[in-house]
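Student: Contents are mmCIF, C-alpha atoms and all ligand atoms; file name work16.cif:
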data_model
#
loop_
_atom_site.label_atom_id
_atom_site.label_comp_id
_atom_site.auth_asym_id
_atom_site.auth_seq_id
_atom_site.Cartn_x
_atom_site.Cartn_y
_atom_site.Cartn_z
CA MET A 13 -0.50 -11.95 -24.59
CA ARG A 14 2.85 -13.07 -23.17
CA LYS A 15 2.76 -12.97 -19.38
CA ILE A 16 5.52 -11.25 -17.41
CA SER A 17 7.33 -13.62 -15.06
CA VAL A 18 7.37 -12.41 -11.46
CA ALA A 19 9.16 -13.32 -8.24
CA VAL A 20 7.90 -12.64 -4.72
CA LEU A 21 10.67 -12.22 -2.14
CA ALA A 22 9.83 -13.18 1.47
CA ALA A 23 6.82 -14.96 0.01
CA THR A 24 6.13 -16.95 3.18
CA GLY A 25 5.32 -13.84 5.27
CA MET A 26 1.91 -12.18 5.80
CA VAL A 27 2.30 -9.92 2.77
CA GLY A 28 4.16 -12.48 0.67
CA GLN A 29 1.36 -15.01 1.02
CA ARG A 30 -1.18 -12.37 0.01
CA TYR A 31 0.84 -11.83 -3.19
CA ALA A 32 0.96 -15.54 -3.91
CA SER A 33 -2.79 -15.77 -3.57
CA MET A 34 -3.52 -12.67 -5.67
CA LEU A 35 -1.02 -13.79 -8.35
CA SER A 36 -2.14 -17.42 -8.48
CA GLU A 37 -4.28 -16.70 -11.55
CA HIS A 38 -3.29 -13.31 -12.96
CA PRO A 39 -3.88 -12.16 -16.54
CA TYR A 40 -0.57 -10.22 -16.91
CA PHE A 41 1.80 -11.92 -14.45
CA GLU A 42 3.01 -15.46 -13.88
CA LEU A 43 4.44 -16.16 -10.44
CA THR A 44 7.51 -18.31 -11.07
CA VAL A 45 9.76 -17.70 -8.04
CA VAL A 46 8.99 -17.50 -4.31
CA THR A 47 11.82 -16.84 -1.86
CA GLY A 48 12.26 -17.02 1.90
CA GLN A 49 14.80 -17.51 4.65
CA SER A 50 14.04 -20.32 7.15
CA SER A 51 11.70 -22.08 4.69
CA VAL A 52 14.12 -22.39 1.74
CA GLY A 53 13.73 -25.74 -0.05
CA LYS A 54 10.21 -26.41 1.22
CA ARG A 55 7.12 -26.72 -0.98
CA PHE A 56 5.35 -23.34 -0.83
CA GLY A 57 1.96 -24.94 -0.12
CA GLU A 58 3.46 -26.56 2.99
CA VAL A 59 4.48 -23.27 4.61
CA ALA A 60 1.54 -21.13 3.47
CA THR A 61 -1.15 -20.69 6.11
CA GLY A 62 -4.52 -20.76 4.45
CA LEU A 63 -5.08 -18.24 1.64
CA PRO A 64 -6.27 -19.84 -1.62
CA LEU A 65 -3.43 -20.82 -3.99
CA SER A 66 -3.38 -22.48 -7.39
CA ASP A 67 -1.80 -25.97 -7.44
CA ARG A 68 1.02 -24.64 -9.61
CA VAL A 69 1.92 -21.94 -7.05
CA ALA A 70 1.49 -24.31 -4.09
CA ASN A 71 4.00 -26.64 -5.76
CA LEU A 72 6.75 -23.99 -6.17
CA ARG A 73 9.84 -24.62 -4.01
CA VAL A 74 10.95 -21.75 -1.77
CA ALA A 75 14.23 -20.35 -3.18
CA PRO A 76 16.93 -18.40 -1.31
CA THR A 77 16.52 -14.60 -1.34
CA ASP A 78 19.47 -13.89 -3.60
CA PRO A 79 19.55 -12.23 -7.05
CA LYS A 80 21.47 -15.27 -8.34
CA ALA A 81 18.58 -17.57 -7.40
CA VAL A 82 15.93 -15.38 -9.06
CA ASP A 83 15.01 -15.45 -12.74
CA ALA A 84 12.05 -13.13 -13.34
CA ASP A 85 11.12 -9.97 -15.26
CA LEU A 86 9.66 -8.27 -12.18
CA VAL A 87 10.28 -8.64 -8.43
CA PHE A 88 7.79 -7.88 -5.65
CA SER A 89 9.59 -7.30 -2.37
CA PRO A 90 7.86 -7.53 1.00
CA LEU A 91 11.24 -8.10 2.70
CA PRO A 92 11.76 -7.31 6.38
CA THR A 93 12.96 -3.70 6.79
CA ASP A 94 16.59 -4.39 7.70
CA VAL A 95 17.05 -6.91 4.87
CA ALA A 96 15.29 -4.66 2.32
CA LYS A 97 17.66 -1.81 3.06
CA THR A 98 20.70 -3.53 1.54
CA LEU A 99 19.21 -6.29 -0.61
CA GLU A 100 16.75 -4.23 -2.71
CA PRO A 101 19.45 -1.91 -4.18
CA LYS A 102 21.48 -5.05 -4.92
CA PHE A 103 18.58 -6.47 -6.97
CA ALA A 104 18.06 -3.17 -8.82
CA ARG A 105 21.79 -2.83 -9.51
CA GLU A 106 21.78 -6.31 -11.01
CA GLY A 107 19.05 -5.26 -13.44
CA PHE A 108 15.83 -6.31 -11.66
CA ASN A 109 12.72 -4.14 -11.80
CA LEU A 110 11.60 -4.21 -8.18
CA ILE A 111 8.54 -2.87 -6.37
CA THR A 112 8.78 -2.90 -2.58
CA ASP A 113 6.40 -2.85 0.39
CA ALA A 114 9.26 -2.25 2.81
CA SER A 115 10.04 1.19 4.21
CA PRO A 116 13.79 1.92 3.78
CA HIS A 117 13.69 3.49 0.28
CA ARG A 118 10.22 5.07 0.28
CA MET A 119 11.28 8.62 1.04
CA GLU A 120 14.37 8.71 -1.22
CA ALA A 121 14.00 11.60 -3.66
CA ASP A 122 14.22 9.53 -6.85
CA VAL A 123 11.97 6.66 -5.67
CA PRO A 124 8.30 6.90 -6.71
CA LEU A 125 5.98 6.22 -3.75
CA MET A 126 2.88 4.96 -5.47
CA ILE A 127 -0.87 4.82 -5.04
CA PRO A 128 -1.81 4.24 -8.69
CA GLU A 129 -5.11 6.15 -8.42
CA VAL A 130 -3.38 9.15 -6.89
CA ASN A 131 0.03 9.81 -8.46
CA PRO A 132 0.60 7.75 -11.64
CA ASP A 133 2.78 10.61 -12.98
CA HIS A 134 5.38 9.97 -10.22
CA LEU A 135 6.51 6.91 -12.17
CA GLY A 136 8.40 9.54 -14.21
CA LEU A 137 11.07 9.42 -11.46
CA ILE A 138 12.24 5.99 -12.67
CA GLU A 139 14.25 7.38 -15.57
CA ARG A 140 15.98 9.83 -13.27
CA GLN A 141 16.69 7.08 -10.72
CA ARG A 142 18.27 4.87 -13.37
CA LYS A 143 20.43 7.69 -14.74
CA ARG A 144 21.52 8.98 -11.35
CA ARG A 145 22.33 5.56 -9.91
CA GLY A 146 23.56 3.90 -13.11
CA TRP A 147 21.09 1.02 -12.61
CA LYS A 148 19.46 -1.08 -15.29
CA GLY A 149 16.70 -2.02 -12.85
CA PHE A 150 14.75 0.24 -10.51
CA ILE A 151 13.06 0.50 -7.11
CA VAL A 152 9.47 1.70 -6.90
CA ALA A 153 7.78 1.76 -3.47
CA THR A 154 4.34 1.18 -2.01
CA PRO A 155 3.44 3.25 1.07
CA ASN A 156 3.09 2.12 4.66
CA CYS A 157 -0.12 0.12 5.18
CA THR A 158 -1.75 2.88 7.27
CA ALA A 159 -0.61 5.69 4.97
CA ALA A 160 -1.88 3.93 1.82
CA GLY A 161 -5.61 4.10 2.61
CA LEU A 162 -5.18 7.54 4.11
CA ALA A 163 -3.46 8.97 1.02
CA LEU A 164 -6.12 7.54 -1.28
CA LEU A 165 -8.83 9.25 0.76
CA LEU A 166 -6.96 12.56 1.02
CA LYS A 167 -6.63 12.93 -2.77
CA PRO A 168 -10.28 13.87 -3.55
CA LEU A 169 -10.42 15.93 -0.33
CA ASP A 170 -7.35 17.94 -1.33
CA ASP A 171 -8.46 18.34 -4.95
CA GLY A 172 -11.97 19.42 -3.99
CA PHE A 173 -11.58 21.44 -0.81
CA GLY A 174 -7.84 22.15 -0.25
CA LEU A 175 -6.49 20.32 2.79
CA LYS A 176 -4.88 22.32 5.60
CA ARG A 177 -4.57 19.90 8.52
CA VAL A 178 -5.30 16.20 9.01
CA ILE A 179 -5.47 14.61 12.45
CA VAL A 180 -5.75 10.84 12.43
CA SER A 181 -6.02 8.20 15.14
CA THR A 182 -5.58 4.57 14.08
CA MET A 183 -6.71 1.14 15.29
CA GLN A 184 -4.38 -1.26 13.50
CA ALA A 185 -4.81 -5.00 13.03
CA VAL A 186 -2.27 -7.53 14.31
CA SER A 187 -1.41 -8.83 10.80
CA GLY A 188 0.22 -5.42 10.26
CA ALA A 189 3.02 -6.60 12.54
CA GLY A 190 3.80 -9.63 10.36
CA TYR A 191 3.83 -13.27 11.49
CA PRO A 192 3.79 -14.26 14.35
CA GLY A 193 3.64 -10.57 15.28
CA VAL A 194 2.42 -9.30 18.64
CA PRO A 195 2.35 -12.02 21.38
CA SER A 196 -1.27 -13.08 22.00
CA LEU A 197 -1.14 -12.26 25.72
CA ASP A 198 -0.05 -8.71 24.89
CA ILE A 199 -2.95 -8.00 22.53
CA ILE A 200 -6.00 -10.05 23.64
CA ASP A 201 -8.10 -7.84 25.93
CA ASN A 202 -5.73 -4.96 25.22
CA VAL A 203 -4.85 -1.94 23.05
CA ILE A 204 -1.23 -0.85 22.64
CA PRO A 205 -0.90 2.90 21.93
CA TYR A 206 2.48 2.59 20.20
CA ILE A 207 3.87 1.09 16.97
CA LYS A 208 7.55 1.76 16.37
CA ASP A 209 8.25 4.47 13.72
CA GLU A 210 4.64 4.31 12.48
CA GLU A 211 3.54 7.87 13.28
CA ASP A 212 6.44 9.40 11.32
CA LYS A 213 5.50 7.33 8.26
CA VAL A 214 1.81 8.23 8.45
CA GLU A 215 2.70 11.91 8.81
CA SER A 216 5.27 12.11 5.99
CA GLU A 217 4.30 9.61 3.27
CA PRO A 218 0.89 11.09 2.25
CA ARG A 219 2.57 14.46 1.66
CA LYS A 220 5.00 12.87 -0.80
CA ILE A 221 2.26 10.82 -2.51
CA LEU A 222 0.03 13.89 -2.99
CA GLY A 223 3.03 16.09 -3.82
CA SER A 224 3.79 17.48 -7.28
CA LEU A 225 6.43 15.99 -9.52
CA GLY A 226 9.27 18.43 -10.20
CA LYS A 227 12.39 17.94 -12.37
CA THR A 228 14.44 16.17 -9.72
CA ARG A 229 12.08 15.24 -6.93
CA VAL A 230 8.54 15.40 -5.62
CA GLU A 231 7.59 18.65 -3.92
CA ASP A 232 5.61 17.65 -0.79
CA ALA A 233 1.95 18.65 -0.57
CA LYS A 234 1.43 21.60 1.77
CA PHE A 235 -1.05 20.13 4.25
CA ARG A 236 0.18 18.68 7.53
CA VAL A 237 -0.72 15.38 9.19
CA SER A 238 -0.73 14.49 12.89
CA ALA A 239 -1.04 10.76 13.70
CA MET A 240 -1.74 8.74 16.86
CA VAL A 241 -1.41 5.01 16.29
CA HIS A 242 -2.73 2.02 18.22
CA ARG A 243 -2.41 -1.76 17.80
CA VAL A 244 -5.72 -3.53 18.49
CA GLY A 245 -6.77 -7.17 18.50
CA THR A 246 -8.35 -7.38 15.03
CA THR A 247 -6.81 -9.72 12.45
CA ASP A 248 -6.91 -7.69 9.18
CA GLY A 249 -7.92 -4.13 8.28
CA HIS A 250 -6.73 -0.86 9.77
CA LEU A 251 -9.52 1.39 11.08
CA GLU A 252 -8.68 5.12 11.21
CA SER A 253 -10.64 8.05 12.64
CA MET A 254 -9.82 11.33 10.98
CA TYR A 255 -10.45 15.04 11.54
CA VAL A 256 -9.67 17.38 8.61
CA GLU A 257 -9.49 21.14 8.19
CA THR A 258 -9.81 22.58 4.69
CA GLU A 259 -9.30 25.89 2.85
CA ALA A 260 -12.83 25.82 1.42
CA LYS A 261 -16.16 25.70 3.23
CA PHE A 262 -18.10 22.52 2.52
CA GLU A 263 -21.31 20.66 3.19
CA PRO A 264 -20.86 17.02 4.34
CA GLU A 265 -23.00 15.87 1.38
CA GLU A 266 -20.53 17.50 -1.06
CA VAL A 267 -17.66 15.63 0.55
CA LYS A 268 -19.52 12.31 0.41
CA LYS A 269 -20.12 12.86 -3.30
CA ALA A 270 -16.48 13.81 -3.98
CA LEU A 271 -15.29 10.64 -2.23
CA ALA A 272 -17.83 8.29 -3.79
CA ASP A 273 -17.24 9.72 -7.31
CA PHE A 274 -13.45 9.51 -7.11
CA ARG A 275 -11.84 7.39 -9.85
CA GLY A 276 -8.25 7.18 -11.06
CA LEU A 277 -6.28 5.97 -14.07
CA PRO A 278 -6.50 2.28 -12.95
CA GLN A 279 -10.30 2.50 -13.15
CA LYS A 280 -10.12 4.20 -16.56
CA LEU A 281 -7.81 1.47 -17.85
CA LYS A 282 -9.93 -1.23 -16.14
CA LEU A 283 -6.82 -2.82 -14.65
CA PRO A 284 -7.48 -6.31 -13.23
CA THR A 285 -6.86 -5.32 -9.58
CA ALA A 286 -8.56 -1.89 -9.82
CA PRO A 287 -11.72 -1.78 -7.71
CA ALA A 288 -14.68 -0.23 -9.56
CA ARG A 289 -15.03 2.20 -6.64
CA PRO A 290 -11.74 3.02 -4.87
CA ILE A 291 -13.72 4.69 -2.04
CA ILE A 292 -17.04 3.31 -0.79
CA VAL A 293 -19.13 5.66 1.35
CA SER A 294 -21.39 3.97 3.90
CA GLU A 295 -24.47 5.71 5.29
CA ALA A 296 -24.88 3.23 8.17
CA ALA A 297 -24.51 4.73 11.64
CA ASP A 298 -22.07 2.07 12.83
CA ARG A 299 -19.83 1.31 9.84
CA PRO A 300 -17.13 0.66 8.72
CA GLN A 301 -16.18 -2.29 10.89
CA PRO A 302 -13.11 -4.48 10.20
CA LYS A 303 -15.02 -7.75 10.45
CA LEU A 304 -17.80 -6.65 8.10
CA ASP A 305 -16.08 -4.32 5.64
CA ARG A 306 -12.48 -5.43 5.13
CA ASN A 307 -13.31 -7.24 1.89
CA ALA A 308 -15.84 -4.75 0.52
CA GLY A 309 -15.94 -3.81 -3.17
CA SER A 310 -15.48 -5.42 -6.56
CA VAL A 311 -11.85 -6.47 -5.80
CA PRO A 312 -11.91 -7.62 -2.16
CA GLY A 313 -9.68 -5.49 0.08
CA MET A 314 -8.87 -2.83 -2.54
CA SER A 315 -11.57 -0.29 -1.64
CA VAL A 316 -11.33 2.08 1.30
CA VAL A 317 -14.65 2.11 3.18
CA VAL A 318 -15.68 5.44 4.71
CA GLY A 319 -18.45 6.09 7.23
CA ARG A 320 -19.66 8.48 9.94
CA LEU A 321 -18.86 11.48 7.76
CA ARG A 322 -20.02 14.64 9.52
CA ARG A 323 -19.15 18.23 10.19
CA GLY A 324 -16.32 19.17 12.57
CA LEU A 325 -16.18 22.29 14.72
CA ASP A 326 -16.96 24.70 11.85
CA GLU A 327 -17.80 24.89 8.13
CA ARG A 328 -14.21 24.17 7.11
CA SER A 329 -13.73 21.01 9.14
CA GLY A 330 -15.07 17.48 9.06
CA ARG A 331 -14.61 14.05 10.60
CA LEU A 332 -15.02 10.50 9.45
CA THR A 333 -13.91 6.92 10.09
CA PHE A 334 -12.42 4.72 7.39
CA LEU A 335 -11.16 1.17 6.94
CA SER A 336 -8.37 -0.01 4.67
CA HIS A 337 -7.14 -3.61 4.30
CA ASN A 338 -3.50 -3.57 5.38
CA THR A 339 -2.07 -6.50 3.41
CA ILE A 340 -4.17 -5.77 0.28
CA ARG A 341 -4.70 -1.99 -0.25
CA GLY A 342 -1.81 -1.40 2.19
CA ALA A 343 0.67 -3.77 0.51
CA ALA A 344 0.31 -6.60 -2.06
CA GLY A 345 -2.87 -5.31 -3.75
CA SER A 346 -1.58 -1.76 -4.25
CA THR A 347 1.78 -3.03 -5.46
CA ILE A 348 0.19 -5.41 -7.97
CA LEU A 349 -1.99 -2.51 -9.17
CA THR A 350 1.13 -0.35 -9.66
CA ALA A 351 2.71 -3.20 -11.65
CA GLU A 352 -0.43 -3.57 -13.79
CA LEU A 353 -0.34 0.16 -14.53
CA MET A 354 3.36 -0.03 -15.44
CA PHE A 355 2.70 -3.03 -17.67
CA ARG A 356 -0.08 -1.20 -19.53
CA GLU A 357 2.04 1.96 -19.82
CA GLY A 358 4.92 -0.03 -21.36
CA LEU A 359 7.23 0.51 -18.38
CA LEU A 360 7.97 -3.19 -17.75
N1 LIG B 1 1.94 -6.91 7.36
C1 LIG B 1 1.48 -5.82 6.79
O1 LIG B 1 0.30 -5.47 6.89
C2 LIG B 1 2.41 -4.95 5.97
C3 LIG B 1 1.85 -3.93 5.23
C4 LIG B 1 2.68 -3.09 4.47
C5 LIG B 1 4.03 -3.33 4.46
N2 LIG B 1 4.57 -4.33 5.19
C6 LIG B 1 6.02 -4.55 5.09
O2 LIG B 1 6.22 -5.74 4.33
C7 LIG B 1 7.38 -6.44 4.81
C8 LIG B 1 6.96 -7.86 5.19
O3 LIG B 1 6.00 -7.82 6.21
P1 LIG B 1 5.22 -9.13 6.68
O4 LIG B 1 4.15 -8.62 7.56
O5 LIG B 1 4.89 -9.95 5.49
O6 LIG B 1 6.37 -9.87 7.55
P2 LIG B 1 6.41 -11.36 8.11
O7 LIG B 1 5.07 -11.98 8.13
O8 LIG B 1 7.15 -11.26 9.40
O9 LIG B 1 7.28 -12.17 7.06
C9 LIG B 1 8.67 -12.13 7.06
C10 LIG B 1 9.19 -12.78 5.77
O10 LIG B 1 10.56 -12.42 5.59
C11 LIG B 1 11.33 -13.57 5.32
N3 LIG B 1 12.67 -13.33 5.86
C12 LIG B 1 13.05 -13.21 7.14
N4 LIG B 1 14.38 -12.94 7.23
C13 LIG B 1 14.83 -12.90 5.95
C14 LIG B 1 16.11 -12.70 5.39
N5 LIG B 1 17.20 -12.46 6.14
N6 LIG B 1 16.22 -12.73 4.03
C15 LIG B 1 15.14 -12.96 3.27
N7 LIG B 1 13.91 -13.18 3.75
C16 LIG B 1 13.75 -13.15 5.07
C17 LIG B 1 10.60 -14.72 6.00
O11 LIG B 1 10.96 -15.93 5.34
P3 LIG B 1 10.89 -17.38 6.10
O12 LIG B 1 9.48 -17.58 6.52
O13 LIG B 1 11.30 -18.35 5.03
O14 LIG B 1 11.86 -17.33 7.24
C18 LIG B 1 9.15 -14.31 5.75
O15 LIG B 1 8.80 -14.67 4.42
C19 LIG B 1 7.95 -5.60 5.95
O16 LIG B 1 8.93 -4.72 5.44
C20 LIG B 1 6.74 -4.80 6.42
O17 LIG B 1 7.10 -3.60 7.04
C21 LIG B 1 3.79 -5.16 5.95
#
Please render this file's structure as structure tokens.
Ligand SMILES: NC(=O)c1ccc[n+]([C@@H]2O[C@H](COP(=O)([O-])OP(=O)(O)OC[C@H]3O[C@@H](n4cnc5c(N)ncnc54)[C@H](OP(=O)(O)O)[C@@H]3O)[C@@H](O)[C@H]2O)c1

Tutor:
Amino acid sequence: MRKISVAVLAATGMVGQRYASMLSEHPYFELTVVTGQSSVGKRFGEVATGLPLSDRVANLRVAPTDPKAVDADLVFSPLPTDVAKTLEPKFAREGFNLITDASPHRMEADVPLMIPEVNPDHLGLIERQRKRRGWKGFIVATPNCTAAGLALLLKPLDDGFGLKRVIVSTMQAVSGAGYPGVPSLDIIDNVIPYIKDEEDKVESEPRKILGSLGKTRVEDAKFRVSAMVHRVGTTDGHLESMYVETEAKFEPEEVKKALADFRGLPQKLKLPTAPARPIIVSEAADRPQPKLDRNAGSVPGMSVVVGRLRRGLDERSGRLTFLSHNTIRGAAGSTILTAELMFREGLL
């Protein structure tokens, strides 16, 4: 099988390096271009900070982040927000197929916002995007790192019990703020109850992801989300405590089964980055924990780990805690999984 050549923009950042590691030996994709800003011209292995890389990838030279410097069939874009806003449409206009982890285009009506297990049909928006914008390329987006794990978990809950309200409180790792991120003296021995723009994203993105595809746009799912976000001193893995209210009455055991049994199209197609179990339910009284569970599952970092599932205030409410790896399920891993799905569906 001929491999698709791929470029990673901003490859020297927290998410970019995760891509480089996950793409070092990939059955469908060959990483041929890595770009950056301050590190242009350097050997990639020199600026990367510790994730495993193949020798071939470590020996790539960092190229400028410019469509003229990129020759690849597919572009992964974990660009900083302000740069992504103008540069990603430029890439798509010039004919590049681009999947982004950045936020500026996620909520645009003709941009699919993808969790491949949840809404593979939303890729149908690509044709409309190309027609409407006159582009040869396209932009597809991956959700915010906190919204990604949340949306995956909400899918079987909504399908099985009909979600009404979701109240979530997060404890988010420092790698979520990029490198070097939060100053160490601000976060050691501390919790910061604010992350700029994060609550809006967590409240709006899952409703688009679980929404239904109409002719011109996605109709948002009806449930509502209320989020309270916190930055804590863990390195990787966002922990979230959630309270849900549903249309249907349920027993906690039924919910555990619905979550543990959930599978999507990536599992059916046995895509390389698809975890065998997208959601792992733990029965331990004190799990999940970031240190112990961030790499759980058959593809490390791709499964959401759920624990402490119990009844809420009545028979139509419940609570649980879950953990989702922010640079894997919340960024590079989900985006690679979307690309694998597109490859298998003939969309690349
Ligand atoms: N961290 C997460 O958990 C996470 C999760 C989901 C989504 N995201 C999103 O992914 C994106 C990247 O996040 P990150 O955490 O990887 O950030 P980061 O660690 O701060 O990395 C920033 C990267 O951007 C490059 N860069 C800086 N200015 C640039 C410019 N003007 N043009 C081109 N490249 C430039 C840097 O290159 P040099 O090193 O060469 O200067 C570096 O590779 C952001 O949009 C973020 O919101 C992050």

Student: Using all atoms listed in the file, can you list as an NGL selection string the residues within 10 Å of (13.9, -21.4, 5.9)?

Tutor: :A and (24 or 47-54 or 59 or 74-76)

Student: Hey, can you check how far CA of Ser115 in chain A sits from CA of Arg219 in chain A?

Tutor: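 Between CA of Ser115 in chain A and CA of Arg219 in chain A the gap is 15.4 Å.
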
Student: Calculate how many Å separate CA of Gly57 in chain A from CA of Asn71 in chain A, rounding to one decimal.

Tutor: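 About the pair CA of Gly57 in chain A and CA of Asn71 in chain A: they are 6.2 Å apart.
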
Student: 6 Å from ligand LIG 1 (chain B) is the threshold here; counting only C-alpha atoms and all ligand atoms, which polymer residues fall inside it? Answer as a PyMOL selection string.

Tutor: chain A and resi 22-28+48-52+77+90-93+95+113-114+156-157+187-191+338-339+342-343

Student: Go ahead and write the residues just picked, C-alpha atoms, as a CSV table (one decimal), in the coordinates of the input.

Tutor:
chain,number,residue,atom,x,y,z
A,22,ALA,CA,9.8,-13.2,1.5
A,23,ALA,CA,6.8,-15.0,0.0
A,24,THR,CA,6.1,-17.0,3.2
A,25,GLY,CA,5.3,-13.8,5.3
A,26,MET,CA,1.9,-12.2,5.8
A,27,VAL,CA,2.3,-9.9,2.8
A,28,GLY,CA,4.2,-12.5,0.7
A,48,GLY,CA,12.3,-17.0,1.9
A,49,GLN,CA,14.8,-17.5,4.6
A,50,SER,CA,14.0,-20.3,7.2
A,51,SER,CA,11.7,-22.1,4.7
A,52,VAL,CA,14.1,-22.4,1.7
A,77,THR,CA,16.5,-14.6,-1.3
A,90,PRO,CA,7.9,-7.5,1.0
A,91,LEU,CA,11.2,-8.1,2.7
A,92,PRO,CA,11.8,-7.3,6.4
A,93,THR,CA,13.0,-3.7,6.8
A,95,VAL,CA,17.0,-6.9,4.9
A,113,ASP,CA,6.4,-2.8,0.4
A,114,ALA,CA,9.3,-2.2,2.8
A,156,ASN,CA,3.1,2.1,4.7
A,157,CYS,CA,-0.1,0.1,5.2
A,187,SER,CA,-1.4,-8.8,10.8
A,188,GLY,CA,0.2,-5.4,10.3
A,189,ALA,CA,3.0,-6.6,12.5
A,190,GLY,CA,3.8,-9.6,10.4
A,191,TYR,CA,3.8,-13.3,11.5
A,338,ASN,CA,-3.5,-3.6,5.4
A,339,THR,CA,-2.1,-6.5,3.4
A,342,GLY,CA,-1.8,-1.4,2.2
A,343,ALA,CA,0.7,-3.8,0.5

Student: Hey, which bits of range 142-237 of chain A sit within 12 Å of range 292-300 of chain A, and for each residue what's the closest pair of atoms and how far apart in Å (one decimal), counting all atoms listed in the file, rows by chain and increasing number, as a Markdown table?

Tutor:
| residue | atom | partner | partner_atom | distance |
| --- | --- | --- | --- | --- |
| A:Gly161 | CA | A:Ile292 | CA | 12.0 |
| A:Leu164 | CA | A:Ile292 | CA | 11.7 |
| A:Leu165 | CA | A:Ile292 | CA | 10.3 |

Student: Output the selection as a PDB file, keeping the file's coordinate frame - C-alpha atoms for each residue.

Tutor:
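Result file is result13.pdb:
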ATOM      1  CA  GLY A 161      -5.610   4.100   2.610  1.00  0.00           C
ATOM      2  CA  LEU A 164      -6.120   7.540  -1.280  1.00  0.00           C
ATOM      3  CA  LEU A 165      -8.830   9.250   0.760  1.00  0.00           C
TER       4      LEU A 165
END

Student: My list of candidates is A:Ile221, A:Leu169, A:Val317, A:Met254. Which is closest to Leu135 in chain A when distances are computed with only C-alpha atoms?

Tutor: A:Ile221

Student: If we count all atoms listed in the file, what is near Arg341 in chain A at a cut-off of 10 Å, once residues fewer than 5 positions away on the same chain are taken out, given as an MDAnalysis selection string?

Tutor: chainID A and resid 127 154:155 157:158 160:161 164 249 290 312:316 336 346:349

Student: Which of these residues is nearest to Ala32 in chain A, using all atoms listed in the file: A:Arg68, A:Arg289, A:Arg322, A:His250?

Tutor: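 Looking only at the distances to Ala32 in chain A, the closest residue turns out to be A:Arg68.
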
Student: Excluding same-chain residues fewer than 5 positions from Ser33 in chain A, what lies within 9 Å of it counting all atoms listed in the file, as a list in words?

Tutor: Gly28, Leu63, Pro64, Leu65, Ser66 and Val69 of chain A

Student: Write out as a VMD selection string each polymer residue whose atoms come within 12 Å of Asp326 in chain A, counting all atoms listed in the file; drop sequence neighbours fewer than 2 positions from it.

Tutor: chain A and resid 255 to 264 322 to 324 328 to 331

Student: Report the distance between CA of Phe173 in chain A and CA of Asp212 in chain A in Å, rounded to one decimal place.

Tutor: 24.8 Å

Student: Around (-16.9, 12.8, -5.2) in the file's frame, which residues reach within 12 Å when counting only C-alpha atoms? Return as an NGL selection string?

Tutor: :A and (165-173 or 264-276 or 289-293)

Student: Under the rule that only C-alpha atoms are counted, which of A:Leu304, A:Val152, A:Val82, A:Ala351 is the nearest residue to Glu106 in chain A?

Tutor: A:Val82

Student: Of the residues A:Leu222, A:Val180, A:Val123, A:Val244, which is the one nearest to Val203 in chain A, using only C-alpha atoms?

Tutor: A:Val244
